[in-house]
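> See run-v6.tsv below, with TSV, C-alpha atoms.
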```
chain	number	residue	atom	x	y	z
A	1	MET	CA	0.00	0.00	0.00
A	2	ASN	CA	1.35	3.42	-0.90
A	3	SER	CA	1.14	5.56	2.25
A	4	ARG	CA	2.78	8.70	0.74
A	5	ILE	CA	0.57	11.75	1.05
A	6	SER	CA	0.49	13.76	-2.18
A	7	LYS	CA	1.57	17.39	-2.12
A	8	PRO	CA	-1.90	18.81	-2.96
A	9	THR	CA	-3.42	16.74	-0.13
A	10	TYR	CA	-1.09	18.05	2.56
A	11	LEU	CA	-1.33	21.60	1.18
A	12	ILE	CA	-5.14	21.41	1.38
A	13	GLY	CA	-4.85	19.92	4.89
A	14	LEU	CA	-2.58	22.76	6.04
A	15	GLY	CA	-4.78	25.32	4.29
A	16	ILE	CA	-7.95	24.09	5.98
A	17	LEU	CA	-6.13	23.97	9.34
A	18	PHE	CA	-4.92	27.59	9.02
A	19	MET	CA	-8.30	28.77	7.78
A	20	ALA	CA	-10.06	27.08	10.71
A	21	MET	CA	-7.53	28.64	13.11
A	22	GLY	CA	-8.01	32.04	11.47
A	23	ILE	CA	-11.80	31.83	11.72
A	24	GLY	CA	-11.46	30.65	15.33
A	25	LEU	CA	-9.13	33.56	16.15
A	26	SER	CA	-11.65	36.01	14.67
A	27	PHE	CA	-14.07	35.14	17.49
A	28	LYS	CA	-11.44	35.68	20.20
A	29	ASP	CA	-10.69	38.99	21.85
A	30	ILE	CA	-7.44	39.65	19.99
A	31	HIS	CA	-6.32	41.95	17.19
A	32	PRO	CA	-8.72	41.47	14.22
A	33	ALA	CA	-5.80	41.38	11.75
A	34	ALA	CA	-4.45	38.17	13.36
A	35	GLY	CA	-7.53	36.16	12.37
A	36	ALA	CA	-7.68	37.69	8.89
A	37	ALA	CA	-3.96	37.10	8.25
A	38	THR	CA	-4.15	33.45	9.40
A	39	THR	CA	-7.24	32.84	7.25
A	40	ALA	CA	-5.48	34.45	4.26
A	41	PHE	CA	-2.44	32.26	4.89
A	42	GLY	CA	-4.68	29.17	4.77
A	43	LEU	CA	-6.33	30.37	1.59
A	44	ILE	CA	-2.90	30.74	-0.07
A	45	TYR	CA	-2.15	27.07	0.79
A	46	VAL	CA	-5.48	25.93	-0.70
A	47	LEU	CA	-4.91	27.99	-3.88
A	48	GLN	CA	-1.38	26.55	-4.20
A	49	ALA	CA	-2.84	23.03	-3.83
A	50	VAL	CA	-5.29	23.71	-6.67
A	51	ARG	CA	-2.40	25.01	-8.80
A	52	VAL	CA	-0.24	21.94	-8.13
A	53	LYS	CA	-3.22	19.65	-8.88
A	54	ARG	CA	-3.99	21.42	-12.18
A	55	HIS	CA	-0.50	22.01	-13.56
A	56	GLY	CA	1.62	19.34	-11.83
A	57	GLU	CA	4.33	19.85	-9.23
A	58	GLU	CA	7.13	20.86	-11.61
A	59	ALA	CA	5.07	23.36	-13.62
A	60	SER	CA	3.65	24.94	-10.48
A	61	LYS	CA	7.20	25.77	-9.30
A	62	GLY	CA	7.64	28.03	-12.30
A	63	ASP	CA	10.61	28.26	-14.63
A	64	GLU	CA	14.05	29.75	-13.97
A	65	ARG	CA	12.91	33.32	-14.74
A	66	THR	CA	9.93	33.25	-12.38
A	67	ARG	CA	12.00	31.59	-9.62
A	68	LYS	CA	14.74	34.22	-10.07
A	69	ILE	CA	12.19	37.05	-9.99
A	70	GLY	CA	10.52	35.50	-6.93
A	71	ALA	CA	13.83	35.27	-5.08
A	72	TRP	CA	14.79	38.88	-5.88
A	73	ALA	CA	11.31	40.15	-5.04
A	74	ALA	CA	11.55	38.44	-1.65
A	75	SER	CA	14.97	40.04	-1.06
A	76	TYR	CA	13.71	43.52	-1.99
A	77	SER	CA	10.60	43.04	0.12
A	78	TRP	CA	12.68	41.92	3.13
A	79	PHE	CA	15.02	44.92	2.77
A	80	LEU	CA	12.14	47.39	2.37
A	81	THR	CA	10.45	45.91	5.45
A	82	LEU	CA	13.70	46.38	7.38
A	83	LEU	CA	13.79	50.04	6.34
A	84	ALA	CA	10.12	50.45	7.26
A	85	LEU	CA	10.82	48.83	10.62
A	86	SER	CA	13.69	51.29	11.25
A	87	VAL	CA	11.48	54.26	10.38
A	88	LEU	CA	8.69	52.86	12.55
A	89	TYR	CA	11.10	52.39	15.44
A	90	TRP	CA	12.17	56.05	15.38
A	91	LEU	CA	8.60	57.30	14.92
A	92	LEU	CA	7.57	55.29	17.99
A	93	HIS	CA	10.71	56.20	19.93
A	94	LEU	CA	10.22	59.94	19.29
A	95	LYS	CA	6.51	59.51	20.10
A	96	VAL	CA	5.46	60.91	16.72
A	97	ILE	CA	2.94	58.07	16.46
A	98	SER	CA	1.52	55.63	18.96
A	99	LEU	CA	0.90	52.00	18.03
A	100	SER	CA	0.29	48.84	20.03
A	101	PRO	CA	2.63	45.85	19.47
A	102	GLU	CA	-0.27	44.07	17.74
A	103	ASP	CA	-0.70	47.02	15.35
A	104	VAL	CA	3.02	46.97	14.52
A	105	ALA	CA	3.05	43.19	13.93
A	106	ALA	CA	-0.11	43.27	11.80
A	107	SER	CA	1.05	46.22	9.70
A	108	LEU	CA	4.46	44.59	9.09
A	109	MET	CA	2.84	41.30	8.05
A	110	LEU	CA	0.67	43.13	5.53
A	111	PHE	CA	3.56	45.36	4.40
A	112	MET	CA	5.79	42.33	3.70
A	113	ALA	CA	3.10	40.45	1.81
A	114	PHE	CA	2.02	43.42	-0.33
A	115	SER	CA	5.58	44.60	-1.06
A	116	LEU	CA	6.48	41.05	-2.19
A	117	ILE	CA	3.49	40.97	-4.57
A	118	LEU	CA	4.36	44.47	-5.83
A	119	PHE	CA	8.04	43.66	-6.49
A	120	ARG	CA	7.11	40.40	-8.24
A	121	TRP	CA	4.69	42.29	-10.47
A	122	VAL	CA	7.20	45.05	-11.31
A	123	LEU	CA	10.05	42.62	-12.03
A	124	SER	CA	7.77	40.37	-14.11
A	125	ARG	CA	6.87	43.34	-16.31
A	126	LYS	CA	10.53	44.29	-16.68
A	127	GLY	CA	11.46	40.77	-17.77
A	128	ASP	CA	14.51	40.34	-15.57
A	129	VAL	CA	15.98	41.62	-12.34
A	130	SER	CA	18.93	43.48	-13.84
B	1	MET	CA	21.79	41.66	-25.50
B	2	LYS	CA	20.63	40.81	-29.02
B	3	THR	CA	19.21	37.46	-29.96
B	4	ARG	CA	18.38	35.65	-33.17
B	5	ILE	CA	15.92	33.28	-31.53
B	6	LYS	CA	12.94	34.63	-33.47
B	7	GLU	CA	14.74	34.13	-36.78
B	8	TYR	CA	15.80	30.57	-35.94
B	9	ARG	CA	12.38	29.77	-34.52
B	10	ALA	CA	10.78	30.81	-37.81
B	11	ARG	CA	13.13	28.49	-39.71
B	12	PHE	CA	11.80	25.54	-37.75
B	13	ASP	CA	8.24	26.86	-37.90
B	14	LEU	CA	7.99	26.86	-34.11
B	15	THR	CA	5.71	29.12	-32.09
B	16	GLN	CA	6.91	30.71	-28.88
B	17	GLU	CA	4.69	28.24	-27.03
B	18	ASP	CA	6.29	25.28	-28.88
B	19	LEU	CA	9.80	26.44	-28.04
B	20	ALA	CA	8.82	27.13	-24.44
B	21	ASN	CA	7.43	23.60	-24.08
B	22	LYS	CA	10.52	22.04	-25.66
B	23	VAL	CA	12.92	23.80	-23.29
B	24	GLY	CA	10.62	23.62	-20.26
B	25	VAL	CA	9.97	27.28	-19.57
B	26	ARG	CA	6.96	29.58	-19.73
B	27	ARG	CA	6.04	31.35	-22.96
B	28	GLU	CA	6.69	34.73	-21.30
B	29	THR	CA	10.31	33.71	-20.77
B	30	ILE	CA	10.71	33.13	-24.52
B	31	VAL	CA	9.02	36.50	-25.20
B	32	PHE	CA	11.51	38.34	-22.95
B	33	LEU	CA	14.41	36.28	-24.33
B	34	GLU	CA	13.52	37.30	-27.88
B	35	LYS	CA	13.27	40.94	-26.85
B	36	GLY	CA	16.72	40.67	-25.26
B	37	LYS	CA	15.27	41.67	-21.91
B	38	TYR	CA	16.08	38.44	-20.08
B	39	ASN	CA	19.58	37.06	-19.54
B	40	PRO	CA	19.15	33.27	-19.58
B	41	SER	CA	21.15	30.79	-17.54
B	42	LEU	CA	23.83	28.89	-19.41
B	43	LYS	CA	21.60	25.79	-19.27
B	44	LEU	CA	18.61	27.58	-20.82
B	45	ALA	CA	20.81	29.15	-23.52
B	46	HIS	CA	22.21	25.67	-24.25
B	47	ASP	CA	18.75	24.08	-24.36
B	48	VAL	CA	17.39	26.75	-26.72
B	49	ALA	CA	20.43	26.43	-28.99
B	50	LYS	CA	20.04	22.63	-29.01
B	51	VAL	CA	16.35	22.79	-29.98
B	52	LEU	CA	17.13	25.33	-32.73
B	53	LYS	CA	20.10	23.20	-33.89
B	54	THR	CA	22.65	25.97	-33.54
B	55	THR	CA	25.19	27.30	-31.07
B	56	ILE	CA	24.87	29.75	-28.19
B	57	ASP	CA	27.25	32.14	-30.00
B	58	GLU	CA	24.96	32.19	-33.02
B	59	LEU	CA	21.87	32.92	-30.95
B	60	PHE	CA	23.09	35.49	-28.45
B	61	ALA	CA	25.22	38.58	-28.99
B	62	PHE	CA	26.28	40.65	-25.99
B	63	GLU	CA	27.05	44.33	-26.52
B	64	ASP	CA	30.02	45.82	-24.66
```
Translate the structure of the given file into structure tokens.

Amino acid sequence: MNSRISKPTYLIGLGILFMAMGIGLSFKDIHPAAGAATTAFGLIYVLQAVRVKRHGEEASKGDERTRKIGAWAASYSWFLTLLALSVLYWLLHLKVISLSPEDVAASLMLFMAFSLILFRWVLSRKGDVS
Amino acid sequence: MKTRIKEYRARFDLTQEDLANKVGVRRETIVFLEKGKYNPSLKLAHDVAKVLKTTIDELFAFED
């Protein structure tokens, strides 16, 4: 008997788990962004599972250009988030703005995700990273 | 970078999609390769040259 779990199956499993956790967190008395972010994370897993199922594991990884662009986009996004974090630190330190730790964490999660998508889009339109 | 991929592709009556499938990349990668906007890896350059029955030197010209 073949007991290996296929990639789409475990991706769907993880996706449903995260989505259930996210929905569960939404009913708790915590920052609303935590539940939404966890649910979104689960949804990404489910969408990836559908992609792997439709196009196969190799095709869903993308080719060398898309992998290269993805890696550079992640690097740019990480660096930009670091800069944003530095600016945020000084704004909080100088009491220019006032944010709770949950607000900072939620805004950074969203900033990283959106900047990654933005850099991937820009680099994809350019054709290459250089 | 200038390429002669389009010219060689026409000789073999291959579409961008055909060439992409033969070398295992997405069609967009072939589009950007032909425009000279994407610098391919040595492996991809080799694979494209092999499919088009030519050499890497013939296909790609780098400007100084």
> From the list A:Gly70, A:Leu99, A:Asp63, A:Leu83, which residue is nearest B:Pro40 when using only C-alpha atoms?
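Going through A:Gly70, A:Leu99, A:Asp63, A:Leu83 one by one, the smallest distance to B:Pro40 is for A:Asp63.
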> Kindly indicate which residue among A:Ala105, A:Met112, A:Lys68, A:Val96 lies nearest to chain B, using all atoms listed in the file for the distances.
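Going through A:Ala105, A:Met112, A:Lys68, A:Val96 one by one, the smallest distance to chain B is for A:Lys68.
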> From the list A:Leu82, A:Ile69, A:Ile5, A:Met109, which residue is nearest chain B when using only C-alpha atoms?
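Looking only at the distances to chain B, the closest residue turns out to be A:Ile69.
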> Within 9 Å of chain B, which residues of chain A show up when using all atoms listed in the file, listed as a ChimeraX atom specification?
/A:59,62-66,126-130
> A:Trp72, A:Tyr89, A:Phe18, A:Trp78: which is nearest A:Trp121, counting all atoms listed in the file?
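The closest residue to A:Trp121 is A:Trp72.
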> Figure out the distance between atom CA of A:Val52 and atom CA of A:Ala37, please, to one decimal in Å.
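These atoms are spaced 22.6 Å apart.
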> With all atoms listed in the file as the counted atoms, please give the residues lying no more than 7 Å from stretch 9-23 of chain B, apart from itself and same-chain residues fewer than 5 positions off, as a PyMOL selection string.
chain B and resi 30+47-48+52
> Using only C-alpha atoms, find the one residue out of A:Leu92, A:Leu116, A:Ala106, A:Val50 that sits nearest to A:Ser77.
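For A:Ser77, the nearest of the candidates is A:Leu116.
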> B:Leu42, B:Met1, B:Glu34, B:Lys6: which is nearest B:Glu63, counting only C-alpha atoms?
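Closest residue, counting only C-alpha atoms: B:Met1.
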